[in-house]
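Here is the structure we will look at, set down as structure tokens.
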Amino acid sequence: MRLIPDHDVDLFLNGLHDQAFKIFGAHLLRNENNEIYATEYTVYAPNAKEVRLISSFNNYEGWKNVLTKIHYQGIYRIEIPGNHEWAVYKYEIYTFDHKVLVKSDPFAYFAEVRPSTGSKVYDIDHYEWSDQNWFYEKKKVYKEPLLIYEVHIGSWMRKFGEFKQYNELADDLIKHVLNHGFTHVEFLPVYEYPLDDSWGYQGTGYFAATSRYGSPKDYMYLIDRLHQAGIGVIMDWVLGHICKDSHGLSYFDGSPLYEFNDAKRRENITWGTNNLDFSKGITRSFMLSALTFWMDYFHIDGYRIDAVSYLIYYLGNKEEGVNHDAINFLRQLSYHLFGKDDRFLFMAEDSTDYPQVTHPVDVGGIGFNYKWNMGFMNDVLRYFKEDSIHRKYHHDKITFGLVYAFNEQFVLPFSHDEVVHMKGSLVNKMPGDYWQKLANWRLLLTLWMTHPGKKLLFMGQEFASFSEWAFRKELDWHLLDIQAHQEQNRFFKDLALVYRHHDALFQYDHHPKGFKWIVADDKDQSLFAFARFSDDEVLIIILNMTPNVHQTYDIGVPRAGRYQEILNSDKAIYHGSDQFNGTQLHTKKGDRNGFKYYIQPKVGPFAGIILQFKK
């Protein structure tokens with residue numbers, strides 16, 4: 001039986017091991033001829049009196065296969081002759097207080113399909129990747145377009161009402177993503193979890209692609225195909241808390257092994273989970289290894305870390321104090337992930353005002369390179385829910401975001417959280433009749449796409465789905481058979497095309513030199529205008545938040561010359577009233593909005609207009 005070097009044990013216990021999955025879990029052992037001669041099982045359970053293996057090959061009778069304690073710190077191992085690939089197994093953990101716990105393997109690469117909870121022996125190696133060009137060509141995104149499509153695999157598209165497998169999704173998903181101009185796909189958690197209703201946010205197997213949708217190599221295939229098509233892949237990840245299900249990581253050996261010992265800090269009442277304690281080296285090594293694993297074995301391009309407020313503050317509450325252990329671990333992660341790939345995306349879903357979340361560690365930051373702008377999302381959606389006649393009283397909901405827009409590097413999210421639990425879809429949040437709802441939806445997306453910050457949109461919102469997200473069924477694809485929704489979908493595609501091909505909309509997302517208000521104080525007419533700049537381009541964006549039509553509206557501009565309308569959300573092809581600027585607008589001399597020149601565009605009802613300066 002193989003022993004574990006003391007060096008590896010020390011790294012693991014001190015929170016410095018980034019490949020603990022190579023020590024623990026089930027591994028197929030091969031001889032010099034690459035033939036599998038045995039299967040090895042290793043588990044860490046320092047508070048166990050005895051550990052037994054129960055499996056499909058021993059009729060789930062643990063007395064037949066008792067693990068040996070190979071290290072005094074509590075590491076147990078057994079080596080059994082033969083190839084156990086696909087065998088189902090768990091550990092029976094006998095505690096000193098006479099309890100018997102039946103646990104899945106925390107380091108398993110695969111699991112049974114729910115509601116069964118056993119781990120499976122799986123050969124994670126030997127997938128032949130074909131995405132070399134992706135890693136050779138991909139760039140840092142700071143001055144590039146970043147348009148993320150957030151996807152729940154189980155409800156994006158189904159097959160006869162049942163889940164499609166990872167590999168079955170590839171063709172349709174790639175075609176859809178490319179047709180809509182998205183640069184990346186962000187999957188809701190795909191590591192193993194017991195309950196469909198949690199959407200993956202209460203996990204039990206952090207090294208196992210959920211078996212709901214196929215095998216781990218099926219998921220590798222999907223990512224491989226996305227990369228070959230030039231599409232990046234981001235994984236949603238819950239770092240701070242774990243599921244309480246009895247077979248999972250919680251109280252793994254009868255003690256709060258990875259979570260807080262203190263009950264108050266351990267109990268996450270909001271989600272009914274246990275909070276992890278990052279003062280413990282084993283907790284840090286576990287998560288450091290898990291995040292490394294998906295980079296190495298699945299070629300992941302980024303992580304979105306859920307509920308960062310619960311990592312920054314104990315219990316997510318500022319009054320409970322700063323959780324310095326968790327913050328220091330985030331900094332450790334940042335060094336590690338960017339050391340492996342400096343083009344990586346490390347994004348925080350953070351609702352706090354804690355400073356320097358997206359600043360580098362070496363200047364005192366936490367080390368994320370992006371943060372979800374929850375303030376933008378909340379303010380803008382509250383504004384758009386108001387009837388247009390009342391919007392003048394909420395004018396600051398649009399302007400306030402620019403006060404802090406460059407303090408962090410932001411992603412502007414319209415995520416799954418905004419379209420569930422009776423909140424309504426994006427289009428159904430809009431006031432007015434059917435026509436006005438669609439017009440407001442186009443206007444909302446114009447603001448979102450032209451505002452400083454990278455973009456994230458949840459699936460279904462790209463064709464103005466009226467139903468809020470229901471995870472037990474697929475998206476309402478039948479809406480694309482209706483002309484009005486075909487027109488909304490065409491608008492989104494055209495808007496994304498403008499975004500992708502005009503660097504004024506992304507080159508200086510994180511610097512004030514890329515943005516300037518032109519009209520920010522016309523509360524009575526609820527009209528806004530601003531300029532976006534790149535080194536080579538000037539765009540003017542006009543947003544009319546009311547149904548009023550302006551045959552001319554004076555807009556100050558930074559340069560004299562001609563301005564060409566390149567997108568107007570009120571065009572008839574988008575189900576609008578067709579009030580647009582068909583000819584180029586020539587500047588006139590005169591002081592307007594602090595500029596020496598101005599133009600007089602026609603502005604239609606609920607119109608979002610993008611004008612390009614022509615040299």
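Residue names in the structure tokens use chain letters A, B, ... in the order shown, residue numbers from 1 in each chain, and ligand numbers from 1 in the order shown.
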Per residue of stretch 385-495 of chain A within 12 Å of stretch 367-370 of chain A, what are the shortest atom pair and its distance in Å to one decimal, counting only C-alpha atoms, with rows by chain and residue number, as a Markdown table?
| residue | atom | partner | partner_atom | distance |
| --- | --- | --- | --- | --- |
| A:Phe406 | CA | A:Tyr370 | CA | 11.6 |
| A:Asn407 | CA | A:Tyr370 | CA | 11.3 |
| A:Glu408 | CA | A:Tyr370 | CA | 7.5 |
| A:Gln409 | CA | A:Tyr370 | CA | 5.1 |
| A:Phe410 | CA | A:Tyr370 | CA | 5.5 |
| A:Val411 | CA | A:Tyr370 | CA | 6.4 |
| A:Leu412 | CA | A:Tyr370 | CA | 10.1 |
| A:Pro413 | CA | A:Tyr370 | CA | 11.6 |
| A:Gly453 | CA | A:Tyr370 | CA | 9.6 |
| A:Lys454 | CA | A:Tyr370 | CA | 8.9 |
| A:Lys455 | CA | A:Tyr370 | CA | 11.0 |
| A:Leu456 | CA | A:Tyr370 | CA | 11.9 |
How would the residues just picked look written out with N, CA and C atoms as a PDB file, in the first residue's frame?
ATOM      1  N   PHE A 406     -16.525  53.402 -11.471  1.00  0.00           N
ATOM      2  CA  PHE A 406     -15.121  53.101 -11.750  1.00  0.00           C
ATOM      3  C   PHE A 406     -14.324  52.804 -10.479  1.00  0.00           C
ATOM      4  N   ASN A 407     -15.032  52.655  -9.351  1.00  0.00           N
ATOM      5  CA  ASN A 407     -14.345  52.291  -8.109  1.00  0.00           C
ATOM      6  C   ASN A 407     -13.897  50.828  -8.126  1.00  0.00           C
ATOM      7  N   GLU A 408     -14.658  50.003  -8.840  1.00  0.00           N
ATOM      8  CA  GLU A 408     -14.340  48.585  -8.991  1.00  0.00           C
ATOM      9  C   GLU A 408     -14.458  48.233 -10.465  1.00  0.00           C
ATOM     10  N   GLN A 409     -14.053  47.028 -10.813  1.00  0.00           N
ATOM     11  CA  GLN A 409     -14.264  46.524 -12.170  1.00  0.00           C
ATOM     12  C   GLN A 409     -15.550  45.708 -12.152  1.00  0.00           C
ATOM     13  N   PHE A 410     -16.574  46.238 -12.817  1.00  0.00           N
ATOM     14  CA  PHE A 410     -17.915  45.710 -12.644  1.00  0.00           C
ATOM     15  C   PHE A 410     -18.394  44.874 -13.838  1.00  0.00           C
ATOM     16  N   VAL A 411     -19.214  43.879 -13.507  1.00  0.00           N
ATOM     17  CA  VAL A 411     -20.098  43.210 -14.451  1.00  0.00           C
ATOM     18  C   VAL A 411     -21.520  43.668 -14.123  1.00  0.00           C
ATOM     19  N   LEU A 412     -22.283  44.022 -15.146  1.00  0.00           N
ATOM     20  CA  LEU A 412     -23.668  44.445 -14.952  1.00  0.00           C
ATOM     21  C   LEU A 412     -24.569  43.226 -15.148  1.00  0.00           C
ATOM     22  N   PRO A 413     -25.153  42.692 -14.054  1.00  0.00           N
ATOM     23  CA  PRO A 413     -25.888  41.434 -14.181  1.00  0.00           C
ATOM     24  C   PRO A 413     -27.409  41.603 -14.201  1.00  0.00           C
ATOM     25  N   GLY A 453     -19.126  48.881 -17.968  1.00  0.00           N
ATOM     26  CA  GLY A 453     -19.174  47.605 -17.265  1.00  0.00           C
ATOM     27  C   GLY A 453     -19.407  46.466 -18.228  1.00  0.00           C
ATOM     28  N   LYS A 454     -18.904  45.288 -17.882  1.00  0.00           N
ATOM     29  CA  LYS A 454     -19.144  44.098 -18.693  1.00  0.00           C
ATOM     30  C   LYS A 454     -20.574  43.610 -18.456  1.00  0.00           C
ATOM     31  N   LYS A 455     -21.036  42.641 -19.242  1.00  0.00           N
ATOM     32  CA  LYS A 455     -22.455  42.308 -19.251  1.00  0.00           C
ATOM     33  C   LYS A 455     -22.695  40.832 -18.939  1.00  0.00           C
ATOM     34  N   LEU A 456     -23.812  40.588 -18.224  1.00  0.00           N
ATOM     35  CA  LEU A 456     -24.285  39.219 -17.998  1.00  0.00           C
ATOM     36  C   LEU A 456     -25.805  39.199 -18.096  1.00  0.00           C
TER      37      LEU A 456
END
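Within the 8 Å cut-off around stretch 4-17 of chain A, using only C-alpha atoms and omitting residues fewer than 5 positions from it on the same chain, the listed residues are A:Ile23, A:Ile70, A:His71, A:Lys280, A:Gly281, A:Ile282, A:Thr283, A:Arg284, A:Ser285, A:Phe286, A:Leu288, A:Ser289.
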Those same residues - C-alpha atoms - I'd like them written as a tab-separated table (two decimals), in the first residue's frame.
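Here's the written file again_29.tsv:
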chain	number	residue	atom	x	y	z
A	23	ILE	CA	-4.12	12.09	-2.52
A	70	ILE	CA	-1.74	5.21	7.27
A	71	HIS	CA	-1.02	8.55	8.95
A	280	LYS	CA	-8.78	25.74	9.16
A	281	GLY	CA	-6.01	24.66	6.82
A	282	ILE	CA	-7.95	21.61	5.61
A	283	THR	CA	-10.85	23.85	4.51
A	284	ARG	CA	-8.49	26.06	2.54
A	285	SER	CA	-6.76	23.08	0.94
A	286	PHE	CA	-10.09	21.49	0.06
A	288	LEU	CA	-8.04	25.46	-3.28
A	289	SER	CA	-7.79	21.94	-4.70
Can you build me a table of stretch 479-578 of chain A residues sitting at most 12 Å from stretch 428-433 of chain A, with the closest atom pair per residue and its distance in Å to one decimal, using only C-alpha atoms, sorted by chain and residue number, as a tab-separated table?
residue	atom	partner	partner_atom	distance
A:Met545	CA	A:Pro431	CA	11.5
A:Thr546	CA	A:Gly432	CA	11.0
A:Pro547	CA	A:Gly432	CA	10.3
Output N, CA and C atoms of each residue in that selection to a file, as a short mmCIF file (atom, residue, chain, number, x, y, z; two decimals), in the first residue's frame.
data_model
loop_
_atom_site.label_atom_id
_atom_site.label_comp_id
_atom_site.auth_asym_id
_atom_site.auth_seq_id
_atom_site.Cartn_x
_atom_site.Cartn_y
_atom_site.Cartn_z
N MET A 545 -37.10 57.86 -21.64
CA MET A 545 -37.80 56.98 -20.71
C MET A 545 -39.31 57.20 -20.66
N THR A 546 -39.84 57.93 -21.63
CA THR A 546 -41.28 58.20 -21.67
C THR A 546 -41.82 57.89 -23.07
N PRO A 547 -43.17 57.84 -23.22
CA PRO A 547 -43.75 57.61 -24.54
C PRO A 547 -43.82 58.88 -25.39
#
For this session: Would you mind listing what lies within 6 Å of stretch 504-520 of chain A as a list in words, with only C-alpha atoms counted and same-chain residues fewer than 2 positions away left out?
Result: Lys143, Pro145, Phe406, Gln409, Thr450, Pro452, Gly453, His502, Phe528, Ala529, Phe530, Ala531, Arg532, Phe533, Ser534, Glu537 and Asn593 of chain A
Those selected residues, please, written with N, CA and C atoms and delivered as a short mmCIF file (atom, residue, chain, number, x, y, z; two decimals), in the first residue's frame.
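Saved as out05.cif:
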data_model
loop_
_atom_site.label_atom_id
_atom_site.label_comp_id
_atom_site.auth_asym_id
_atom_site.auth_seq_id
_atom_site.Cartn_x
_atom_site.Cartn_y
_atom_site.Cartn_z
N LYS A 143 -10.11 45.23 -21.75
CA LYS A 143 -10.40 46.17 -22.82
C LYS A 143 -11.05 45.47 -24.02
N PRO A 145 -14.70 43.11 -25.38
CA PRO A 145 -16.11 42.87 -25.05
C PRO A 145 -16.26 41.62 -24.18
N PHE A 406 -16.52 53.40 -11.47
CA PHE A 406 -15.12 53.10 -11.75
C PHE A 406 -14.32 52.80 -10.48
N GLN A 409 -14.05 47.03 -10.81
CA GLN A 409 -14.26 46.52 -12.17
C GLN A 409 -15.55 45.71 -12.15
N THR A 450 -24.90 49.73 -23.13
CA THR A 450 -24.05 50.90 -23.42
C THR A 450 -23.45 51.52 -22.16
N PRO A 452 -21.09 51.73 -18.83
CA PRO A 452 -19.78 51.16 -18.49
C PRO A 452 -19.92 49.89 -17.65
N GLY A 453 -19.13 48.88 -17.97
CA GLY A 453 -19.17 47.61 -17.26
C GLY A 453 -19.41 46.47 -18.23
N HIS A 502 -17.96 47.81 -31.60
CA HIS A 502 -17.66 49.22 -31.35
C HIS A 502 -16.92 49.33 -30.03
N PHE A 528 -32.18 60.97 -21.04
CA PHE A 528 -30.76 60.91 -20.71
C PHE A 528 -29.94 60.84 -22.00
N ALA A 529 -28.73 61.38 -21.94
CA ALA A 529 -27.79 61.22 -23.04
C ALA A 529 -26.37 61.20 -22.47
N PHE A 530 -25.55 60.35 -23.05
CA PHE A 530 -24.15 60.30 -22.62
C PHE A 530 -23.29 59.87 -23.79
N ALA A 531 -22.00 60.10 -23.64
CA ALA A 531 -21.03 59.72 -24.67
C ALA A 531 -20.16 58.58 -24.15
N ARG A 532 -19.82 57.66 -25.04
CA ARG A 532 -18.83 56.62 -24.75
C ARG A 532 -17.66 56.81 -25.71
N PHE A 533 -16.45 56.66 -25.18
CA PHE A 533 -15.24 56.94 -25.95
C PHE A 533 -14.30 55.74 -25.97
N SER A 534 -13.60 55.58 -27.07
CA SER A 534 -12.40 54.75 -27.14
C SER A 534 -11.30 55.62 -27.71
N GLU A 537 -12.92 56.24 -31.33
CA GLU A 537 -14.34 56.29 -31.63
C GLU A 537 -15.09 57.11 -30.57
N ASN A 593 -25.16 71.77 -23.17
CA ASN A 593 -24.68 70.72 -22.25
C ASN A 593 -23.17 70.80 -22.02
#
For this session: Within stretch 371-467 of chain A, find each residue whose DSSP state, derived from the backbone, is strand (DSSP E or B), and express the selection as a ChimeraX atom specification.
Result: /A:371-372,410-414,454-458
For this session: Measuring atom to atom with only C-alpha atoms, identify which of A:Ala229, A:Gln483, A:Ile610, A:Gln332 is nearest to A:His184.
Result: A:Ala229
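Proximity of A:Glu50, A:Glu320, A:Asp301, A:Asp535 to A:Asp224, computed with only C-alpha atoms, is greatest for A:Asp301.
With only C-alpha atoms as the atoms that count, the residue of A:Lys138, A:His152, A:Gly200, A:Phe207 with the shortest distance to A:Thr183 is A:Lys138.
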Exercise. So which residues touch A:Glu35 within 12 Å, counting only C-alpha atoms, skipping near sequence neighbours fewer than 5 positions away, as a PyMOL selection string?
Worked result: chain A and resi 28-30+82-83
Residue selection dump (N, CA and C atoms) as a short mmCIF file (atom, residue, chain, number, x, y, z; two decimals), in the first residue's frame:
data_model
loop_
_atom_site.label_atom_id
_atom_site.label_comp_id
_atom_site.auth_asym_id
_atom_site.auth_seq_id
_atom_site.Cartn_x
_atom_site.Cartn_y
_atom_site.Cartn_z
N LEU A 28 -7.63 4.63 -9.70
CA LEU A 28 -7.27 3.40 -10.39
C LEU A 28 -5.76 3.35 -10.53
N LEU A 29 -5.15 2.31 -10.02
CA LEU A 29 -3.69 2.17 -10.05
C LEU A 29 -3.27 1.36 -11.27
N ARG A 30 -2.24 1.82 -11.95
CA ARG A 30 -1.79 1.18 -13.19
C ARG A 30 -0.34 0.72 -13.04
N GLY A 82 -7.88 -5.21 -8.50
CA GLY A 82 -8.93 -5.19 -9.50
C GLY A 82 -9.33 -3.79 -9.93
N ASN A 83 -10.02 -3.74 -11.05
CA ASN A 83 -10.50 -2.50 -11.64
C ASN A 83 -11.94 -2.25 -11.17
#
For this session: Would you mind listing what lies within 12 Å of A:Ile148 as number ranges by chain, with only C-alpha atoms counted and same-chain residues fewer than 2 positions away left out?
Result: A: 141, 145-146, 150-151, 177-178, 180-187, 231-235, 302, 304, 345, 411-415, 449, 453-459, 462, 496
For this session: Write down as a PyMOL selection string the residues belonging to stretch 57-203 of chain A that are assigned alpha helix (DSSP H) by DSSP computed on the backbone.
Result: chain A and resi 132-137+153-156+166-179
Store the residues of this selection in a file with N, CA and C atoms, as a PDB file, in the first residue's frame.
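That gives us again08.pdb:
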ATOM      1  N   GLN A 132      -6.771  23.738 -28.164  1.00  0.00           N
ATOM      2  CA  GLN A 132      -5.474  24.402 -28.030  1.00  0.00           C
ATOM      3  C   GLN A 132      -5.516  25.827 -28.589  1.00  0.00           C
ATOM      4  N   ASN A 133      -6.222  26.022 -29.698  1.00  0.00           N
ATOM      5  CA  ASN A 133      -6.283  27.359 -30.297  1.00  0.00           C
ATOM      6  C   ASN A 133      -6.955  28.361 -29.367  1.00  0.00           C
ATOM      7  N   TRP A 134      -7.962  27.906 -28.620  1.00  0.00           N
ATOM      8  CA  TRP A 134      -8.648  28.799 -27.692  1.00  0.00           C
ATOM      9  C   TRP A 134      -7.668  29.363 -26.671  1.00  0.00           C
ATOM     10  N   PHE A 135      -6.866  28.509 -26.075  1.00  0.00           N
ATOM     11  CA  PHE A 135      -5.943  28.977 -25.037  1.00  0.00           C
ATOM     12  C   PHE A 135      -4.783  29.760 -25.636  1.00  0.00           C
ATOM     13  N   TYR A 136      -4.479  29.521 -26.878  1.00  0.00           N
ATOM     14  CA  TYR A 136      -3.418  30.285 -27.536  1.00  0.00           C
ATOM     15  C   TYR A 136      -3.899  31.693 -27.885  1.00  0.00           C
ATOM     16  N   GLU A 137      -5.175  31.811 -28.273  1.00  0.00           N
ATOM     17  CA  GLU A 137      -5.682  33.069 -28.810  1.00  0.00           C
ATOM     18  C   GLU A 137      -6.447  33.931 -27.810  1.00  0.00           C
ATOM     19  N   ILE A 153     -28.302  24.423 -17.002  1.00  0.00           N
ATOM     20  CA  ILE A 153     -28.284  23.361 -18.002  1.00  0.00           C
ATOM     21  C   ILE A 153     -29.597  22.579 -18.029  1.00  0.00           C
ATOM     22  N   GLY A 154     -30.180  22.334 -16.856  1.00  0.00           N
ATOM     23  CA  GLY A 154     -31.361  21.486 -16.793  1.00  0.00           C
ATOM     24  C   GLY A 154     -32.614  22.089 -17.369  1.00  0.00           C
ATOM     25  N   SER A 155     -32.641  23.403 -17.586  1.00  0.00           N
ATOM     26  CA  SER A 155     -33.868  24.026 -18.074  1.00  0.00           C
ATOM     27  C   SER A 155     -33.646  24.906 -19.300  1.00  0.00           C
ATOM     28  N   TRP A 156     -32.445  24.881 -19.861  1.00  0.00           N
ATOM     29  CA  TRP A 156     -32.236  25.656 -21.095  1.00  0.00           C
ATOM     30  C   TRP A 156     -33.021  25.009 -22.235  1.00  0.00           C
ATOM     31  N   TYR A 166     -24.947  16.608 -21.269  1.00  0.00           N
ATOM     32  CA  TYR A 166     -23.979  17.649 -21.610  1.00  0.00           C
ATOM     33  C   TYR A 166     -23.650  17.637 -23.106  1.00  0.00           C
ATOM     34  N   ASN A 167     -23.329  16.452 -23.610  1.00  0.00           N
ATOM     35  CA  ASN A 167     -22.881  16.383 -25.008  1.00  0.00           C
ATOM     36  C   ASN A 167     -24.016  16.635 -25.990  1.00  0.00           C
ATOM     37  N   GLU A 168     -25.259  16.361 -25.571  1.00  0.00           N
ATOM     38  CA  GLU A 168     -26.403  16.605 -26.455  1.00  0.00           C
ATOM     39  C   GLU A 168     -26.716  18.096 -26.592  1.00  0.00           C
ATOM     40  N   LEU A 169     -26.261  18.899 -25.632  1.00  0.00           N
ATOM     41  CA  LEU A 169     -26.517  20.342 -25.661  1.00  0.00           C
ATOM     42  C   LEU A 169     -25.592  21.080 -26.613  1.00  0.00           C
ATOM     43  N   ALA A 170     -24.455  20.491 -26.918  1.00  0.00           N
ATOM     44  CA  ALA A 170     -23.361  21.234 -27.545  1.00  0.00           C
ATOM     45  C   ALA A 170     -23.788  21.956 -28.822  1.00  0.00           C
ATOM     46  N   ASP A 171     -24.379  21.254 -29.780  1.00  0.00           N
ATOM     47  CA  ASP A 171     -24.693  21.867 -31.079  1.00  0.00           C
ATOM     48  C   ASP A 171     -25.662  23.037 -30.928  1.00  0.00           C
ATOM     49  N   ASP A 172     -26.768  22.814 -30.226  1.00  0.00           N
ATOM     50  CA  ASP A 172     -27.789  23.858 -30.107  1.00  0.00           C
ATOM     51  C   ASP A 172     -27.285  25.041 -29.290  1.00  0.00           C
ATOM     52  N   LEU A 173     -26.574  24.759 -28.198  1.00  0.00           N
ATOM     53  CA  LEU A 173     -26.100  25.842 -27.343  1.00  0.00           C
ATOM     54  C   LEU A 173     -25.070  26.695 -28.065  1.00  0.00           C
ATOM     55  N   ILE A 174     -24.141  26.071 -28.752  1.00  0.00           N
ATOM     56  CA  ILE A 174     -23.107  26.817 -29.473  1.00  0.00           C
ATOM     57  C   ILE A 174     -23.730  27.690 -30.558  1.00  0.00           C
ATOM     58  N   LYS A 175     -24.657  27.129 -31.304  1.00  0.00           N
ATOM     59  CA  LYS A 175     -25.317  27.902 -32.361  1.00  0.00           C
ATOM     60  C   LYS A 175     -26.032  29.113 -31.786  1.00  0.00           C
ATOM     61  N   HIS A 176     -26.741  28.901 -30.683  1.00  0.00           N
ATOM     62  CA  HIS A 176     -27.499  29.995 -30.066  1.00  0.00           C
ATOM     63  C   HIS A 176     -26.562  31.069 -29.527  1.00  0.00           C
ATOM     64  N   VAL A 177     -25.514  30.665 -28.838  1.00  0.00           N
ATOM     65  CA  VAL A 177     -24.572  31.625 -28.257  1.00  0.00           C
ATOM     66  C   VAL A 177     -23.900  32.455 -29.343  1.00  0.00           C
ATOM     67  N   LEU A 178     -23.462  31.811 -30.399  1.00  0.00           N
ATOM     68  CA  LEU A 178     -22.803  32.538 -31.489  1.00  0.00           C
ATOM     69  C   LEU A 178     -23.770  33.472 -32.199  1.00  0.00           C
ATOM     70  N   ASN A 179     -24.997  33.020 -32.427  1.00  0.00           N
ATOM     71  CA  ASN A 179     -25.981  33.853 -33.126  1.00  0.00           C
ATOM     72  C   ASN A 179     -26.368  35.097 -32.329  1.00  0.00           C
TER      73      ASN A 179
END
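Each of A:Val357, A:Leu315, A:Leu226, A:Val603 was compared to A:Lys571 using only C-alpha atoms, and A:Val603 turns out to be the nearest.
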Problem set entry | Contacts of A:Ile482 at 12 Å (only C-alpha atoms; same-chain gap of 6+ positions) as a ChimeraX atom specification | /A:463-465,476,488-489,575
Output C-alpha atoms for every residue in that selection, as a short mmCIF file (atom, residue, chain, number, x, y, z; two decimals), in the first residue's frame.
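To be explicit, this is the file written out as again-v8.cif:
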data_model
loop_
_atom_site.label_atom_id
_atom_site.label_comp_id
_atom_site.auth_asym_id
_atom_site.auth_seq_id
_atom_site.Cartn_x
_atom_site.Cartn_y
_atom_site.Cartn_z
CA PHE A 463 -36.04 36.91 -26.65
CA ALA A 464 -38.15 38.77 -24.06
CA SER A 465 -39.59 35.73 -22.34
CA ASP A 476 -40.40 29.13 -23.77
CA GLN A 488 -37.28 41.48 -29.93
CA ASN A 489 -34.78 38.72 -30.54
CA HIS A 575 -41.82 46.29 -33.14
#
Seminar exercise, completed: From atom CA of A:Ile609 to atom CA of A:Pro558 the spacing works out at 17.0 Å
Seminar exercise, completed: Using only C-alpha atoms, the shortest atom-to-atom distance to A:Ser211 among A:Val308, A:Val113, A:Leu147, A:Val102 belongs to A:Val113
For this session: May I ask which of the residues A:Glu259, A:Glu192, A:Glu319, A:Asp503 is the closest one to A:Asp277, counting only C-alpha atoms?
Result: A:Glu259
Exercise. Hey, what's within 10 Å of A:Arg331 if we count only C-alpha atoms and toss same-chain stuff fewer than 3 positions away? As number ranges by chain, please?
Worked result: A: 325-328, 334-337, 360-362, 364-368
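Here atom CA of A:Asp570 and atom CA of A:Ala484 stand 13.1 Å from one another.
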